[in-house]
file query_15.cif (mmCIF, C-alpha atoms)
data_run
loop_
_atom_site.group_PDB
_atom_site.id
_atom_site.type_symbol
_atom_site.label_atom_id
_atom_site.label_comp_id
_atom_site.auth_asym_id
_atom_site.auth_seq_id
_atom_site.Cartn_x
_atom_site.Cartn_y
_atom_site.Cartn_z
ATOM 1 C CA MET W 100 23.991 -7.069 -7.130
ATOM 2 C CA SER W 101 23.561 -3.448 -8.084
ATOM 3 C CA ARG W 102 20.607 -2.135 -10.031
ATOM 4 C CA TYR W 103 20.446 1.245 -11.736
ATOM 5 C CA GLY W 104 24.012 1.915 -10.579
ATOM 6 C CA ARG W 105 23.163 1.625 -6.873
ATOM 7 C CA THR W 106 24.324 -0.975 -4.380
ATOM 8 C CA ASP W 107 22.019 -3.197 -2.352
ATOM 9 C CA SER W 108 22.865 -1.166 0.751
ATOM 10 C CA GLU W 109 21.824 2.055 -1.022
ATOM 11 C CA TRP W 110 18.520 0.470 -2.064
ATOM 12 C CA GLU W 111 17.943 -0.674 1.502
ATOM 13 C CA GLU W 112 18.574 2.839 2.836
ATOM 14 C CA LEU W 113 16.336 4.391 0.171
ATOM 15 C CA VAL W 114 13.492 1.922 0.806
ATOM 16 C CA HIS W 115 13.625 2.425 4.574
ATOM 17 C CA THR W 116 13.811 6.214 4.358
ATOM 18 C CA GLY W 117 11.295 6.475 1.523
ATOM 19 C CA ARG W 118 8.752 4.317 3.335
ATOM 20 C CA ASN W 119 9.120 6.370 6.512
ATOM 21 C CA PHE W 120 8.618 9.604 4.567
ATOM 22 C CA LEU W 121 5.510 8.308 2.794
ATOM 23 C CA VAL W 122 4.061 7.116 6.116
ATOM 24 C CA GLU W 123 4.683 10.614 7.522
ATOM 25 C CA ARG W 124 2.768 12.072 4.563
ATOM 26 C CA ALA W 125 -0.089 9.584 5.092
ATOM 27 C CA LYS W 126 -0.352 10.575 8.765
ATOM 28 C CA LEU W 127 -0.705 14.200 7.633
ATOM 29 C CA SER W 128 -3.253 13.180 4.949
ATOM 30 C CA LYS W 129 -0.999 14.734 2.319
ATOM 31 C CA LEU W 130 0.352 13.708 -1.042
ATOM 32 C CA THR W 131 3.920 14.315 -2.159
ATOM 33 C CA SER W 132 5.589 14.725 -5.526
ATOM 34 C CA TYR W 133 8.392 12.657 -6.992
ATOM 35 C CA THR W 134 10.469 15.838 -6.773
ATOM 36 C CA GLU W 135 9.782 16.288 -3.040
ATOM 37 C CA LEU W 136 10.403 12.591 -2.369
ATOM 38 C CA ASN W 137 13.700 12.802 -4.266
ATOM 39 C CA ALA W 138 14.811 15.898 -2.322
ATOM 40 C CA THR W 139 13.841 14.294 0.999
ATOM 41 C CA LEU W 140 15.748 11.111 0.181
ATOM 42 C CA ALA W 141 18.836 13.124 -0.765
ATOM 43 C CA ARG W 142 18.599 15.104 2.487
ATOM 44 C CA ARG W 143 17.948 12.138 4.794
ATOM 45 C CA THR W 144 20.314 9.566 3.296
ATOM 46 C CA SER W 145 23.881 9.334 2.062
ATOM 47 C CA CYS W 146 22.577 8.454 -1.424
ATOM 48 C CA ARG W 147 22.814 10.635 -4.504
ATOM 49 C CA PRO W 148 19.510 12.069 -5.753
ATOM 50 C CA PHE W 149 17.756 10.641 -8.793
ATOM 51 C CA ASP W 150 18.329 12.621 -12.000
ATOM 52 C CA PHE W 151 14.876 12.907 -13.568
ATOM 53 C CA GLU W 152 16.399 14.227 -16.795
ATOM 54 C CA ARG W 153 17.502 10.635 -17.479
ATOM 55 C CA ALA W 154 15.057 7.854 -18.409
ATOM 56 C CA ASP W 155 17.002 5.241 -16.429
ATOM 57 C CA GLU W 156 16.902 7.409 -13.302
ATOM 58 C CA ARG W 157 13.128 7.924 -13.675
ATOM 59 C CA ALA W 158 12.839 4.137 -14.002
ATOM 60 C CA ALA W 159 14.982 3.755 -10.892
ATOM 61 C CA MET W 160 12.553 5.948 -8.906
ATOM 62 C CA GLY W 161 9.712 3.727 -10.115
ATOM 63 C CA HIS W 162 11.699 0.679 -9.022
ATOM 64 C CA LEU W 163 12.192 2.267 -5.608
ATOM 65 C CA LEU W 164 8.462 2.936 -5.220
ATOM 66 C CA GLY W 165 7.742 -0.701 -6.080
ATOM 67 C CA LEU W 166 10.217 -1.828 -3.421
ATOM 68 C CA ILE W 167 8.562 0.514 -0.902
ATOM 69 C CA VAL W 168 5.146 -1.014 -1.646
ATOM 70 C CA GLU W 169 6.625 -4.489 -1.169
ATOM 71 C CA ARG W 170 8.310 -3.526 2.124
ATOM 72 C CA ASP W 171 5.181 -1.816 3.408
ATOM 73 C CA GLN W 172 3.166 -4.991 2.805
ATOM 74 C CA GLN W 173 5.773 -6.979 4.761
ATOM 75 C CA ILE W 174 5.651 -4.551 7.699
ATOM 76 C CA ALA W 175 1.942 -3.713 7.684
ATOM 77 C CA PRO W 176 0.063 -6.251 5.564
ATOM 78 C CA SER W 177 -3.451 -5.413 4.458
ATOM 79 C CA ALA W 178 -6.056 -7.226 2.424
ATOM 80 C CA PRO W 179 -6.568 -6.071 -0.185
ATOM 81 C CA PRO W 180 -3.092 -4.535 -0.327
ATOM 82 C CA VAL W 181 -2.759 -0.800 -0.031
ATOM 83 C CA MET W 182 -0.039 0.793 -2.153
ATOM 84 C CA LEU W 183 1.955 3.398 -0.229
ATOM 85 C CA SER W 184 3.331 4.663 -3.541
ATOM 86 C CA ALA W 185 -0.133 6.135 -4.294
ATOM 87 C CA LEU W 186 0.961 9.188 -2.305
ATOM 88 C CA ALA W 187 3.709 10.079 -4.806
ATOM 89 C CA THR W 188 2.518 12.079 -7.821
ATOM 90 C CA TYR W 189 4.101 13.980 -10.667
ATOM 91 C CA LEU W 190 4.683 17.613 -9.750
ATOM 92 C CA GLY W 191 1.499 19.448 -10.722
ATOM 93 C CA ALA W 192 -0.415 16.239 -11.581
ATOM 94 C CA ASN W 193 -3.702 15.070 -10.125
ATOM 95 C CA ASP W 194 -2.851 11.400 -9.663
ATOM 96 C CA ALA W 195 -0.077 8.817 -9.697
ATOM 97 C CA GLY W 196 2.145 8.012 -12.641
ATOM 98 C CA PRO W 197 1.837 5.095 -15.071
ATOM 99 C CA GLY W 198 4.215 2.939 -13.020
ATOM 100 C CA PHE W 199 1.737 2.985 -10.130
ATOM 101 C CA TYR W 200 -1.026 1.603 -12.325
ATOM 102 C CA GLN W 201 1.286 -0.968 -13.895
ATOM 103 C CA LEU W 202 2.276 -2.253 -10.449
ATOM 104 C CA ALA W 203 -1.405 -2.347 -9.420
ATOM 105 C CA LYS W 204 -2.089 -4.533 -12.467
ATOM 106 C CA GLU W 205 0.876 -6.795 -11.641
ATOM 107 C CA LEU W 206 -0.452 -7.166 -8.081
ATOM 108 C CA GLN W 207 -3.871 -7.971 -9.585
ATOM 109 C CA LEU W 208 -5.467 -5.014 -7.814
ATOM 110 C CA LEU W 209 -6.521 -3.373 -11.064
ATOM 111 C CA PRO W 210 -7.814 -5.043 -14.249
ATOM 112 C CA VAL W 211 -5.340 -5.075 -17.129
ATOM 113 C CA SER W 212 -7.963 -3.387 -19.315
ATOM 114 C CA ALA W 213 -8.846 -0.672 -16.744
ATOM 115 C CA SER W 214 -10.146 2.563 -18.242
ATOM 116 C CA ALA W 215 -8.775 5.972 -17.287
ATOM 117 C CA ASP W 216 -11.783 6.474 -14.993
ATOM 118 C CA GLU W 217 -11.252 3.089 -13.323
ATOM 119 C CA LYS W 218 -7.575 3.892 -12.779
ATOM 120 C CA PHE W 219 -8.355 7.273 -11.261
ATOM 121 C CA GLY W 220 -11.039 5.767 -8.998
ATOM 122 C CA PHE W 221 -8.609 3.069 -7.866
ATOM 123 C CA TRP W 222 -5.961 5.678 -7.053
ATOM 124 C CA VAL W 223 -8.457 7.807 -5.067
ATOM 125 C CA LYS W 224 -9.498 4.741 -3.022
ATOM 126 C CA GLN W 225 -5.861 3.840 -2.361
ATOM 127 C CA VAL W 226 -5.076 7.348 -1.099
ATOM 128 C CA LYS W 227 -8.185 7.380 1.103
ATOM 129 C CA ARG W 228 -7.325 3.977 2.580
ATOM 130 C CA LEU W 229 -3.769 5.122 3.305
ATOM 131 C CA TYR W 230 -4.983 8.248 5.085
ATOM 132 C CA GLU W 231 -7.495 6.213 7.114
ATOM 133 C CA ARG W 232 -4.985 3.501 7.970
ATOM 134 C CA HIS W 233 -2.339 5.897 9.230
ATOM 135 C CA ALA W 234 -4.756 8.273 10.984
ATOM 136 C CA ALA W 235 -6.126 5.243 12.861
ATOM 137 C CA ASP W 236 -2.642 4.065 13.807
ATOM 138 C CA PRO W 237 -0.454 7.064 14.729
ATOM 139 C CA ALA W 238 2.299 4.691 15.867
ATOM 140 C CA SER W 239 2.645 3.095 12.416
ATOM 141 C CA ALA W 240 6.076 3.647 10.920
#

call {"tool": "encode", "arguments": {"input": "query_15.cif", "output": "structure tokens"}}
result
Amino acid sequence: MSRYGRTDSEWEELVHTGRNFLVERAKLSKLTSYTELNATLARRTSCRPFDFERADERAAMGHLLGLIVERDQQIAPSAPPVMLSALATYLGANDAGPGFYQLAKELQLLPVSASADEKFGFWVKQVKRLYERHAADPASA
């Protein structure tokens, strides 16, 4: 079954490569942008890049980040869950996009009625936990 015009094998390649890239960023205690993630995926895979000029392609990137969070929890479970997608931000932004917070609500990590301050605090804690987790385990990948 293809979603967003990509085959299951493409999604698998994107999830694997995207997770590895985000883990690399966590080990360096660095954030990345959706733009940098997109360019890295295009360079490291045989998949076409996402076209952020299109709403469906932006949604597809959000879908990918959700799949990466799911895969990361399968490979390296944590309680409470840590969301690897916290490291991906809008170019020039100071935190994650709305899809990150929506997924956090769906995973029951963030209250549905969370204020802007609560969301930002949650994101900061997620980033800090990711940096700590991957600094403590240099072999994680």

call {"tool": "closest_residue", "arguments": {"input": "query_15.cif", "among": "W:Ala175, W:Ala138, W:Lys218, W:Leu127", "to": "Glu231 of chain W", "atoms": "all atoms listed in the file"}}
result
W:Leu127

call {"tool": "atom_distance", "arguments": {"input": "query_15.cif", "atom1": "atom CA of Leu163 of chain W", "atom2": "atom CA of Gly117 of chain W"}}
result
8.3 Å

call {"tool": "closest_residue", "arguments": {"input": "query_15.cif", "among": "W:Asp155, W:Leu186, W:Ile174, W:Ser212", "to": "Ser128 of chain W", "atoms": "only C-alpha atoms"}}
result
W:Leu186

call {"tool": "resolve_selection", "arguments": {"input": "query_15.cif", "expression": "the PyMOL selection byres ((chain W and resi 190) around 12)", "output": "PyMOL selection string"}}
result
chain W and resi 130-137+151+186-189+191-196

call {"tool": "residues_near_point", "arguments": {"input": "query_15.cif", "point": "(20.5, 0.3, -13.8)", "cutoff": "9 Å", "atoms": "all atoms listed in the file", "output": "PDB file with C-alpha atoms, in the coordinates of the input"}}
result
ATOM      1  CA  SER W 101      23.561  -3.448  -8.084  1.00  0.00           C
ATOM      2  CA  ARG W 102      20.607  -2.135 -10.031  1.00  0.00           C
ATOM      3  CA  TYR W 103      20.446   1.245 -11.736  1.00  0.00           C
ATOM      4  CA  GLY W 104      24.012   1.915 -10.579  1.00  0.00           C
ATOM      5  CA  ARG W 105      23.163   1.625  -6.873  1.00  0.00           C
ATOM      6  CA  ASP W 155      17.002   5.241 -16.429  1.00  0.00           C
ATOM      7  CA  GLU W 156      16.902   7.409 -13.302  1.00  0.00           C
ATOM      8  CA  ALA W 158      12.839   4.137 -14.002  1.00  0.00           C
ATOM      9  CA  ALA W 159      14.982   3.755 -10.892  1.00  0.00           C
TER      10      ALA W 159
END

call {"tool": "closest_residue", "arguments": {"input": "query_15.cif", "among": "W:Asn119, W:Met182, W:Leu208, W:Glu217", "to": "Leu229 of chain W", "atoms": "only C-alpha atoms"}}
result
W:Met182

call {"tool": "closest_residue", "arguments": {"input": "query_15.cif", "among": "W:Trp110, W:Ser184, W:Cys146, W:Lys129", "to": "Leu164 of chain W", "atoms": "all atoms listed in the file"}}
result
W:Ser184

call {"tool": "resolve_selection", "arguments": {"input": "query_15.cif", "expression": "the PyMOL selection byres ((chain W and resi 171) around 10)", "output": "list in words"}}
result
Val114, His115, Arg118, Asn119, Val122, Gly165, Leu166, Ile167, Val168, Glu169, Arg170, Gln172, Gln173, Ile174, Ala175, Pro176, Ser177, Pro180, Val181, Met182, Leu183, Ser184 and Ala240 of chain W

call {"tool": "write_last_selection", "arguments": {"input": "query_15.cif", "atoms": "C-alpha atoms", "output": "CSV table (one decimal), in the coordinates of the input"}}
result
chain,number,residue,atom,x,y,z
W,114,VAL,CA,13.5,1.9,0.8
W,115,HIS,CA,13.6,2.4,4.6
W,118,ARG,CA,8.8,4.3,3.3
W,119,ASN,CA,9.1,6.4,6.5
W,122,VAL,CA,4.1,7.1,6.1
W,165,GLY,CA,7.7,-0.7,-6.1
W,166,LEU,CA,10.2,-1.8,-3.4
W,167,ILE,CA,8.6,0.5,-0.9
W,168,VAL,CA,5.1,-1.0,-1.6
W,169,GLU,CA,6.6,-4.5,-1.2
W,170,ARG,CA,8.3,-3.5,2.1
W,172,GLN,CA,3.2,-5.0,2.8
W,173,GLN,CA,5.8,-7.0,4.8
W,174,ILE,CA,5.7,-4.6,7.7
W,175,ALA,CA,1.9,-3.7,7.7
W,176,PRO,CA,0.1,-6.3,5.6
W,177,SER,CA,-3.5,-5.4,4.5
W,180,PRO,CA,-3.1,-4.5,-0.3
W,181,VAL,CA,-2.8,-0.8,0.0
W,182,MET,CA,0.0,0.8,-2.2
W,183,LEU,CA,2.0,3.4,-0.2
W,184,SER,CA,3.3,4.7,-3.5
W,240,ALA,CA,6.1,3.6,10.9

call {"tool": "atom_distance", "arguments": {"input": "query_15.cif", "atom1": "atom CA of Ala154 of chain W", "atom2": "atom CA of Val211 of chain W"}}
result
24.2 Å

call {"tool": "atom_distance", "arguments": {"input": "query_15.cif", "atom1": "atom CA of Thr116 of chain W", "atom2": "atom CA of His233 of chain W"}}
result
16.9 Å

call {"tool": "closest_residue", "arguments": {"input": "query_15.cif", "among": "W:Thr106, W:Leu113, W:Ala178, W:Leu121", "to": "Tyr230 of chain W", "atoms": "all atoms listed in the file"}}
result
W:Leu121

call {"tool": "build_atoms", "arguments": {"input": "query_15.cif", "residues": "segment 195-221 of chain W", "atoms": "N, CA and C atoms", "output": "compact mmCIF listing (two decimals), in the frame of the given file"}}
result
# COMPACT_ATOMS: atom_id res chain seq x y z
N ALA W 195 -1.36 9.51 -9.63
CA ALA W 195 -0.08 8.82 -9.70
C ALA W 195 0.37 8.63 -11.15
N GLY W 196 1.60 8.23 -11.31
CA GLY W 196 2.14 8.01 -12.64
C GLY W 196 1.81 6.63 -13.18
N PRO W 197 2.17 6.37 -14.43
CA PRO W 197 1.84 5.10 -15.07
C PRO W 197 2.45 3.88 -14.38
N GLY W 198 3.59 4.05 -13.74
CA GLY W 198 4.22 2.94 -13.02
C GLY W 198 3.36 2.44 -11.87
N PHE W 199 2.64 3.35 -11.22
CA PHE W 199 1.74 2.98 -10.13
C PHE W 199 0.65 2.05 -10.64
N TYR W 200 0.06 2.42 -11.77
CA TYR W 200 -1.03 1.60 -12.32
C TYR W 200 -0.51 0.27 -12.86
N GLN W 201 0.69 0.28 -13.41
CA GLN W 201 1.29 -0.97 -13.90
C GLN W 201 1.52 -1.92 -12.72
N LEU W 202 2.06 -1.41 -11.62
CA LEU W 202 2.28 -2.25 -10.45
C LEU W 202 0.94 -2.76 -9.90
N ALA W 203 -0.08 -1.92 -9.89
CA ALA W 203 -1.40 -2.35 -9.42
C ALA W 203 -1.93 -3.50 -10.27
N LYS W 204 -1.68 -3.44 -11.58
CA LYS W 204 -2.09 -4.53 -12.47
C LYS W 204 -1.29 -5.80 -12.17
N GLU W 205 0.02 -5.64 -11.95
CA GLU W 205 0.88 -6.80 -11.64
C GLU W 205 0.47 -7.45 -10.33
N LEU W 206 0.01 -6.65 -9.37
CA LEU W 206 -0.45 -7.17 -8.08
C LEU W 206 -1.90 -7.65 -8.15
N GLN W 207 -2.49 -7.56 -9.33
CA GLN W 207 -3.87 -7.97 -9.59
C GLN W 207 -4.88 -7.18 -8.74
N LEU W 208 -4.57 -5.91 -8.53
CA LEU W 208 -5.47 -5.01 -7.81
C LEU W 208 -6.31 -4.20 -8.79
N LEU W 209 -5.87 -4.17 -10.03
CA LEU W 209 -6.52 -3.37 -11.06
C LEU W 209 -6.57 -4.21 -12.34
N PRO W 210 -7.73 -4.25 -13.02
CA PRO W 210 -7.81 -5.04 -14.25
C PRO W 210 -6.83 -4.53 -15.30
N VAL W 211 -6.29 -5.44 -16.08
CA VAL W 211 -5.34 -5.08 -17.13
C VAL W 211 -5.97 -4.09 -18.10
N SER W 212 -7.27 -4.23 -18.34
CA SER W 212 -7.96 -3.39 -19.32
C SER W 212 -8.65 -2.18 -18.66
N ALA W 213 -8.19 -1.78 -17.47
CA ALA W 213 -8.85 -0.67 -16.74
C ALA W 213 -8.86 0.61 -17.58
N SER W 214 -10.01 1.28 -17.55
CA SER W 214 -10.15 2.56 -18.24
C SER W 214 -9.47 3.66 -17.42
N ALA W 215 -9.35 4.83 -18.00
CA ALA W 215 -8.78 5.97 -17.29
C ALA W 215 -9.60 6.29 -16.04
N ASP W 216 -10.92 6.21 -16.15
CA ASP W 216 -11.78 6.47 -14.99
C ASP W 216 -11.60 5.42 -13.91
N GLU W 217 -11.47 4.16 -14.30
CA GLU W 217 -11.25 3.09 -13.32
C GLU W 217 -9.91 3.28 -12.62
N LYS W 218 -8.89 3.66 -13.38
CA LYS W 218 -7.58 3.89 -12.78
C LYS W 218 -7.64 5.03 -11.77
N PHE W 219 -8.26 6.12 -12.16
CA PHE W 219 -8.36 7.27 -11.26
C PHE W 219 -9.14 6.91 -10.00
N GLY W 220 -10.25 6.20 -10.15
CA GLY W 220 -11.04 5.77 -9.00
C GLY W 220 -10.24 4.86 -8.07
N PHE W 221 -9.46 3.96 -8.65
CA PHE W 221 -8.61 3.07 -7.87
C PHE W 221 -7.60 3.88 -7.07
